[in-house]
Amino acid sequence: MEQTTAPNKINTMVIDDGSKTYTIENKQGKSLAEFCFRPADTNIISRYKEVSKFFQNFAVTEEDPDIQKYEKQVIEQMNYLVNADAGSAFFGIMGPFSPMPDGTLFYETCLDAVCNVINQELDVRLEKMQKRTGKYTKKYYKPKRRKKTYHGR
């Protein structure tokens, strides 16, 4: 019997890239899909600005009724925003232009959900970073002395 050995890992580096896997659930708690991305990637901020600009100018025209073309653009923007394959996860559930009960479109709901995750994750990680660096830098900050005040003078 021939033994197989593990692949050579001498030239392999393993890093924590901050990736997290998110499960997409409906309001009833049923798991619909999942995708993995790096929510605290600072590059996501510039990508978000680009995606926001795209959607500000985004319009489906009557002259070009090819809805699949527009759906593809929305999926590409979602993938670009998170730098992962989120578009197929979200829009495998339902089409991007599906109307929601509140009058928005499904892609807007998805973008809001992703943006909420990004904001929450960045806030948590920045707070941890500030605590960590604060313990090393606090010795360099001297408390400000308060001037004595004399009341009534």
# chains A, B, ... in the order shown; residues from 1 in each chain; ligands from 1
call {"tool": "residues_around", "arguments": {"residues": "range 37-48 of chain A", "least_positions_apart": "4", "cutoff": "12 Å", "atoms": "only C-alpha atoms", "output": "ChimeraX atom specification"}}
result
/A:16-23,52-55,77-87,89,111-126
call {"tool": "residues_around", "arguments": {"residues": "Thr109 in chain A", "least_positions_apart": "4", "cutoff": "12 Å", "atoms": "only C-alpha atoms", "output": "MDAnalysis selection string"}}
result
chainID A and resid 24 26 78 90:91 94:105 113:116
call {"tool": "write_last_selection", "arguments": {"atoms": "N, CA and C atoms", "output": "PDB file, in the first residue's frame"}}
result
ATOM      1  N   ILE A  24     -26.897  34.626   5.005  1.00  0.00           N
ATOM      2  CA  ILE A  24     -28.030  35.484   4.667  1.00  0.00           C
ATOM      3  C   ILE A  24     -29.297  34.721   5.061  1.00  0.00           C
ATOM      4  N   ASN A  26     -33.648  34.943   6.016  1.00  0.00           N
ATOM      5  CA  ASN A  26     -34.858  35.748   5.884  1.00  0.00           C
ATOM      6  C   ASN A  26     -35.400  36.057   7.289  1.00  0.00           C
ATOM      7  N   MET A  78     -22.096  44.795  -6.721  1.00  0.00           N
ATOM      8  CA  MET A  78     -22.093  44.155  -5.398  1.00  0.00           C
ATOM      9  C   MET A  78     -20.803  43.363  -5.194  1.00  0.00           C
ATOM     10  N   PHE A  90     -26.597  36.822  -2.952  1.00  0.00           N
ATOM     11  CA  PHE A  90     -27.800  37.617  -2.741  1.00  0.00           C
ATOM     12  C   PHE A  90     -28.831  37.408  -3.850  1.00  0.00           C
ATOM     13  N   PHE A  91     -28.378  37.501  -5.083  1.00  0.00           N
ATOM     14  CA  PHE A  91     -29.327  37.522  -6.183  1.00  0.00           C
ATOM     15  C   PHE A  91     -29.643  36.136  -6.712  1.00  0.00           C
ATOM     16  N   MET A  94     -33.323  36.063  -5.057  1.00  0.00           N
ATOM     17  CA  MET A  94     -34.331  36.684  -5.923  1.00  0.00           C
ATOM     18  C   MET A  94     -33.666  37.771  -6.746  1.00  0.00           C
ATOM     19  N   GLY A  95     -34.313  38.200  -7.787  1.00  0.00           N
ATOM     20  CA  GLY A  95     -33.746  39.176  -8.710  1.00  0.00           C
ATOM     21  C   GLY A  95     -33.501  40.522  -8.057  1.00  0.00           C
ATOM     22  N   PRO A  96     -32.469  41.241  -8.496  1.00  0.00           N
ATOM     23  CA  PRO A  96     -32.115  42.527  -7.900  1.00  0.00           C
ATOM     24  C   PRO A  96     -33.228  43.570  -7.945  1.00  0.00           C
ATOM     25  N   PHE A  97     -34.098  43.490  -8.946  1.00  0.00           N
ATOM     26  CA  PHE A  97     -35.142  44.501  -9.104  1.00  0.00           C
ATOM     27  C   PHE A  97     -36.486  44.067  -8.528  1.00  0.00           C
ATOM     28  N   SER A  98     -36.483  43.003  -7.757  1.00  0.00           N
ATOM     29  CA  SER A  98     -37.725  42.552  -7.121  1.00  0.00           C
ATOM     30  C   SER A  98     -38.180  43.603  -6.118  1.00  0.00           C
ATOM     31  N   PRO A  99     -39.465  43.992  -6.179  1.00  0.00           N
ATOM     32  CA  PRO A  99     -39.951  45.014  -5.254  1.00  0.00           C
ATOM     33  C   PRO A  99     -40.150  44.436  -3.853  1.00  0.00           C
ATOM     34  N   MET A 100     -39.732  45.199  -2.866  1.00  0.00           N
ATOM     35  CA  MET A 100     -39.861  44.793  -1.474  1.00  0.00           C
ATOM     36  C   MET A 100     -41.132  45.405  -0.877  1.00  0.00           C
ATOM     37  N   PRO A 101     -41.607  44.885   0.254  1.00  0.00           N
ATOM     38  CA  PRO A 101     -42.840  45.403   0.858  1.00  0.00           C
ATOM     39  C   PRO A 101     -42.805  46.905   1.160  1.00  0.00           C
ATOM     40  N   ASP A 102     -41.607  47.452   1.447  1.00  0.00           N
ATOM     41  CA  ASP A 102     -41.515  48.879   1.777  1.00  0.00           C
ATOM     42  C   ASP A 102     -41.356  49.773   0.543  1.00  0.00           C
ATOM     43  N   GLY A 103     -41.393  49.177  -0.648  1.00  0.00           N
ATOM     44  CA  GLY A 103     -41.305  49.953  -1.882  1.00  0.00           C
ATOM     45  C   GLY A 103     -39.901  50.054  -2.461  1.00  0.00           C
ATOM     46  N   THR A 104     -38.889  49.587  -1.736  1.00  0.00           N
ATOM     47  CA  THR A 104     -37.527  49.590  -2.272  1.00  0.00           C
ATOM     48  C   THR A 104     -37.351  48.370  -3.173  1.00  0.00           C
ATOM     49  N   LEU A 105     -36.205  48.323  -3.826  1.00  0.00           N
ATOM     50  CA  LEU A 105     -35.873  47.161  -4.636  1.00  0.00           C
ATOM     51  C   LEU A 105     -34.941  46.257  -3.840  1.00  0.00           C
ATOM     52  N   ALA A 113     -27.821  46.018   3.913  1.00  0.00           N
ATOM     53  CA  ALA A 113     -27.369  44.960   4.821  1.00  0.00           C
ATOM     54  C   ALA A 113     -25.840  44.877   4.838  1.00  0.00           C
ATOM     55  N   VAL A 114     -25.240  44.921   3.663  1.00  0.00           N
ATOM     56  CA  VAL A 114     -23.775  44.853   3.567  1.00  0.00           C
ATOM     57  C   VAL A 114     -23.144  46.083   4.233  1.00  0.00           C
ATOM     58  N   CYS A 115     -23.699  47.258   3.982  1.00  0.00           N
ATOM     59  CA  CYS A 115     -23.151  48.485   4.571  1.00  0.00           C
ATOM     60  C   CYS A 115     -23.263  48.476   6.092  1.00  0.00           C
ATOM     61  N   ASN A 116     -24.355  47.935   6.620  1.00  0.00           N
ATOM     62  CA  ASN A 116     -24.496  47.824   8.076  1.00  0.00           C
ATOM     63  C   ASN A 116     -23.429  46.919   8.669  1.00  0.00           C
TER      64      ASN A 116
END
call {"tool": "atom_distance", "arguments": {"atom1": "CA of Glu63 in chain A", "atom2": "CA of Ile93 in chain A"}}
result
28.1 Å
call {"tool": "atom_distance", "arguments": {"atom1": "CA of Met129 in chain A", "atom2": "CA of Met13 in chain A"}}
result
23.9 Å
call {"tool": "atom_distance", "arguments": {"atom1": "CA of Cys36 in chain A", "atom2": "CA of Ser88 in chain A"}}
result
11.9 Å
call {"tool": "select_by_dssp", "arguments": {"residues": "chain A", "states": "helix (DSSP H, G or I)", "output": "VMD selection string"}}
result
chain A and resid 43 to 56 67 to 82 86 to 91 106 to 140
call {"tool": "residues_around", "arguments": {"residues": "Tyr70 in chain A", "least_positions_apart": "6", "cutoff": "10 Å", "atoms": "only C-alpha atoms", "output": "VMD selection string"}}
result
chain A and resid 58 to 61 64 76 96 to 97
call {"tool": "select_by_dssp", "arguments": {"residues": "chain A", "states": "strand (DSSP E)", "output": "list of chain:residue names"}}
result
A:Lys20, A:Thr21, A:Tyr22, A:Thr23, A:Ile24, A:Glu25, A:Ser31, A:Leu32, A:Ala33, A:Glu34, A:Phe35, A:Cys36, A:Phe37
call {"tool": "write_last_selection", "arguments": {"atoms": "N, CA, C and O atoms", "output": "compact mmCIF listing (two decimals), in the first residue's frame"}}
result
# COMPACT_ATOMS: atom_id res chain seq x y z
N LYS A 20 -14.60 36.94 6.91
CA LYS A 20 -15.69 36.39 7.70
C LYS A 20 -16.75 35.85 6.75
O LYS A 20 -16.98 36.43 5.69
N THR A 21 -17.36 34.76 7.14
CA THR A 21 -18.45 34.20 6.36
C THR A 21 -19.76 34.65 6.98
O THR A 21 -19.96 34.52 8.19
N TYR A 22 -20.63 35.19 6.15
CA TYR A 22 -21.93 35.68 6.61
C TYR A 22 -23.03 34.84 5.99
O TYR A 22 -23.00 34.53 4.80
N THR A 23 -23.97 34.47 6.83
CA THR A 23 -25.14 33.74 6.38
C THR A 23 -26.26 34.75 6.12
O THR A 23 -26.51 35.62 6.95
N ILE A 24 -26.90 34.63 5.01
CA ILE A 24 -28.03 35.48 4.67
C ILE A 24 -29.30 34.72 5.06
O ILE A 24 -29.53 33.61 4.57
N GLU A 25 -30.06 35.30 5.97
CA GLU A 25 -31.29 34.68 6.43
C GLU A 25 -32.48 35.57 6.13
O GLU A 25 -32.34 36.79 6.05
N SER A 31 -32.02 30.01 6.53
CA SER A 31 -30.78 30.31 5.84
C SER A 31 -31.00 30.23 4.33
O SER A 31 -31.48 29.22 3.82
N LEU A 32 -30.68 31.34 3.64
CA LEU A 32 -30.90 31.41 2.20
C LEU A 32 -29.62 31.26 1.39
O LEU A 32 -29.63 30.74 0.28
N ALA A 33 -28.52 31.77 1.93
CA ALA A 33 -27.24 31.71 1.22
C ALA A 33 -26.15 32.16 2.18
O ALA A 33 -26.43 32.59 3.31
N GLU A 34 -24.91 32.09 1.72
CA GLU A 34 -23.80 32.63 2.49
C GLU A 34 -22.69 33.06 1.56
O GLU A 34 -22.61 32.61 0.42
N PHE A 35 -21.88 34.00 2.06
CA PHE A 35 -20.73 34.44 1.29
C PHE A 35 -19.67 34.91 2.27
O PHE A 35 -19.94 35.18 3.43
N CYS A 36 -18.45 35.01 1.78
CA CYS A 36 -17.31 35.37 2.60
C CYS A 36 -16.68 36.64 2.05
O CYS A 36 -16.52 36.77 0.83
N PHE A 37 -16.36 37.59 2.95
CA PHE A 37 -15.64 38.79 2.53
C PHE A 37 -14.92 39.39 3.72
O PHE A 37 -15.03 38.91 4.84
call {"tool": "decode", "arguments": {"residues": "range 92-112 of chain A", "atoms": "N, CA, C and O atoms", "output": "mmCIF file, in the first residue's frame"}}
result
data_model
loop_
_atom_site.group_PDB
_atom_site.id
_atom_site.type_symbol
_atom_site.label_atom_id
_atom_site.label_comp_id
_atom_site.auth_asym_id
_atom_site.auth_seq_id
_atom_site.Cartn_x
_atom_site.Cartn_y
_atom_site.Cartn_z
ATOM 1 N N GLY A 92 -29.105 35.114 -6.052
ATOM 2 C CA GLY A 92 -29.570 33.753 -6.272
ATOM 3 C C GLY A 92 -30.861 33.535 -5.486
ATOM 4 O O GLY A 92 -31.621 32.607 -5.758
ATOM 5 N N ILE A 93 -31.109 34.406 -4.525
ATOM 6 C CA ILE A 93 -32.330 34.340 -3.714
ATOM 7 C C ILE A 93 -33.506 34.879 -4.523
ATOM 8 O O ILE A 93 -34.548 34.254 -4.623
ATOM 9 N N MET A 94 -33.323 36.063 -5.057
ATOM 10 C CA MET A 94 -34.331 36.684 -5.923
ATOM 11 C C MET A 94 -33.666 37.771 -6.746
ATOM 12 O O MET A 94 -32.558 38.204 -6.433
ATOM 13 N N GLY A 95 -34.313 38.200 -7.787
ATOM 14 C CA GLY A 95 -33.746 39.176 -8.710
ATOM 15 C C GLY A 95 -33.501 40.522 -8.057
ATOM 16 O O GLY A 95 -34.241 40.934 -7.158
ATOM 17 N N PRO A 96 -32.469 41.241 -8.496
ATOM 18 C CA PRO A 96 -32.115 42.527 -7.900
ATOM 19 C C PRO A 96 -33.228 43.570 -7.945
ATOM 20 O O PRO A 96 -33.326 44.410 -7.069
ATOM 21 N N PHE A 97 -34.098 43.490 -8.946
ATOM 22 C CA PHE A 97 -35.142 44.501 -9.104
ATOM 23 C C PHE A 97 -36.486 44.067 -8.528
ATOM 24 O O PHE A 97 -37.509 44.705 -8.777
ATOM 25 N N SER A 98 -36.483 43.003 -7.757
ATOM 26 C CA SER A 98 -37.725 42.552 -7.121
ATOM 27 C C SER A 98 -38.180 43.603 -6.118
ATOM 28 O O SER A 98 -37.388 44.062 -5.293
ATOM 29 N N PRO A 99 -39.465 43.992 -6.179
ATOM 30 C CA PRO A 99 -39.951 45.014 -5.254
ATOM 31 C C PRO A 99 -40.150 44.436 -3.853
ATOM 32 O O PRO A 99 -40.649 43.332 -3.688
ATOM 33 N N MET A 100 -39.732 45.199 -2.866
ATOM 34 C CA MET A 100 -39.861 44.793 -1.474
ATOM 35 C C MET A 100 -41.132 45.405 -0.877
ATOM 36 O O MET A 100 -41.687 46.354 -1.434
ATOM 37 N N PRO A 101 -41.607 44.885 0.254
ATOM 38 C CA PRO A 101 -42.840 45.403 0.858
ATOM 39 C C PRO A 101 -42.805 46.905 1.160
ATOM 40 O O PRO A 101 -43.833 47.573 1.132
ATOM 41 N N ASP A 102 -41.607 47.452 1.447
ATOM 42 C CA ASP A 102 -41.515 48.879 1.777
ATOM 43 C C ASP A 102 -41.356 49.773 0.543
ATOM 44 O O ASP A 102 -41.185 50.983 0.662
ATOM 45 N N GLY A 103 -41.393 49.177 -0.648
ATOM 46 C CA GLY A 103 -41.305 49.953 -1.882
ATOM 47 C C GLY A 103 -39.901 50.054 -2.461
ATOM 48 O O GLY A 103 -39.719 50.570 -3.557
ATOM 49 N N THR A 104 -38.889 49.587 -1.736
ATOM 50 C CA THR A 104 -37.527 49.590 -2.272
ATOM 51 C C THR A 104 -37.351 48.370 -3.173
ATOM 52 O O THR A 104 -38.215 47.498 -3.235
ATOM 53 N N LEU A 105 -36.205 48.323 -3.826
ATOM 54 C CA LEU A 105 -35.873 47.161 -4.636
ATOM 55 C C LEU A 105 -34.941 46.257 -3.840
ATOM 56 O O LEU A 105 -34.228 46.704 -2.945
ATOM 57 N N PHE A 106 -34.942 44.970 -4.187
ATOM 58 C CA PHE A 106 -34.172 43.992 -3.428
ATOM 59 C C PHE A 106 -32.689 44.350 -3.368
ATOM 60 O O PHE A 106 -32.046 44.181 -2.340
ATOM 61 N N TYR A 107 -32.119 44.882 -4.438
ATOM 62 C CA TYR A 107 -30.695 45.204 -4.415
ATOM 63 C C TYR A 107 -30.407 46.294 -3.381
ATOM 64 O O TYR A 107 -29.335 46.307 -2.767
ATOM 65 N N GLU A 108 -31.353 47.214 -3.154
ATOM 66 C CA GLU A 108 -31.162 48.251 -2.135
ATOM 67 C C GLU A 108 -31.121 47.637 -0.742
ATOM 68 O O GLU A 108 -30.304 48.027 0.099
ATOM 69 N N THR A 109 -31.997 46.669 -0.502
ATOM 70 C CA THR A 109 -32.019 45.961 0.771
ATOM 71 C C THR A 109 -30.686 45.255 1.009
ATOM 72 O O THR A 109 -30.131 45.299 2.106
ATOM 73 N N CYS A 110 -30.163 44.635 -0.035
ATOM 74 C CA CYS A 110 -28.891 43.912 0.068
ATOM 75 C C CYS A 110 -27.735 44.880 0.335
ATOM 76 O O CYS A 110 -26.884 44.611 1.190
ATOM 77 N N LEU A 111 -27.701 45.991 -0.387
ATOM 78 C CA LEU A 111 -26.646 46.990 -0.172
ATOM 79 C C LEU A 111 -26.691 47.542 1.244
ATOM 80 O O LEU A 111 -25.649 47.706 1.894
ATOM 81 N N ASP A 112 -27.889 47.826 1.746
ATOM 82 C CA ASP A 112 -28.028 48.317 3.121
ATOM 83 C C ASP A 112 -27.502 47.297 4.128
ATOM 84 O O ASP A 112 -26.820 47.654 5.085
#
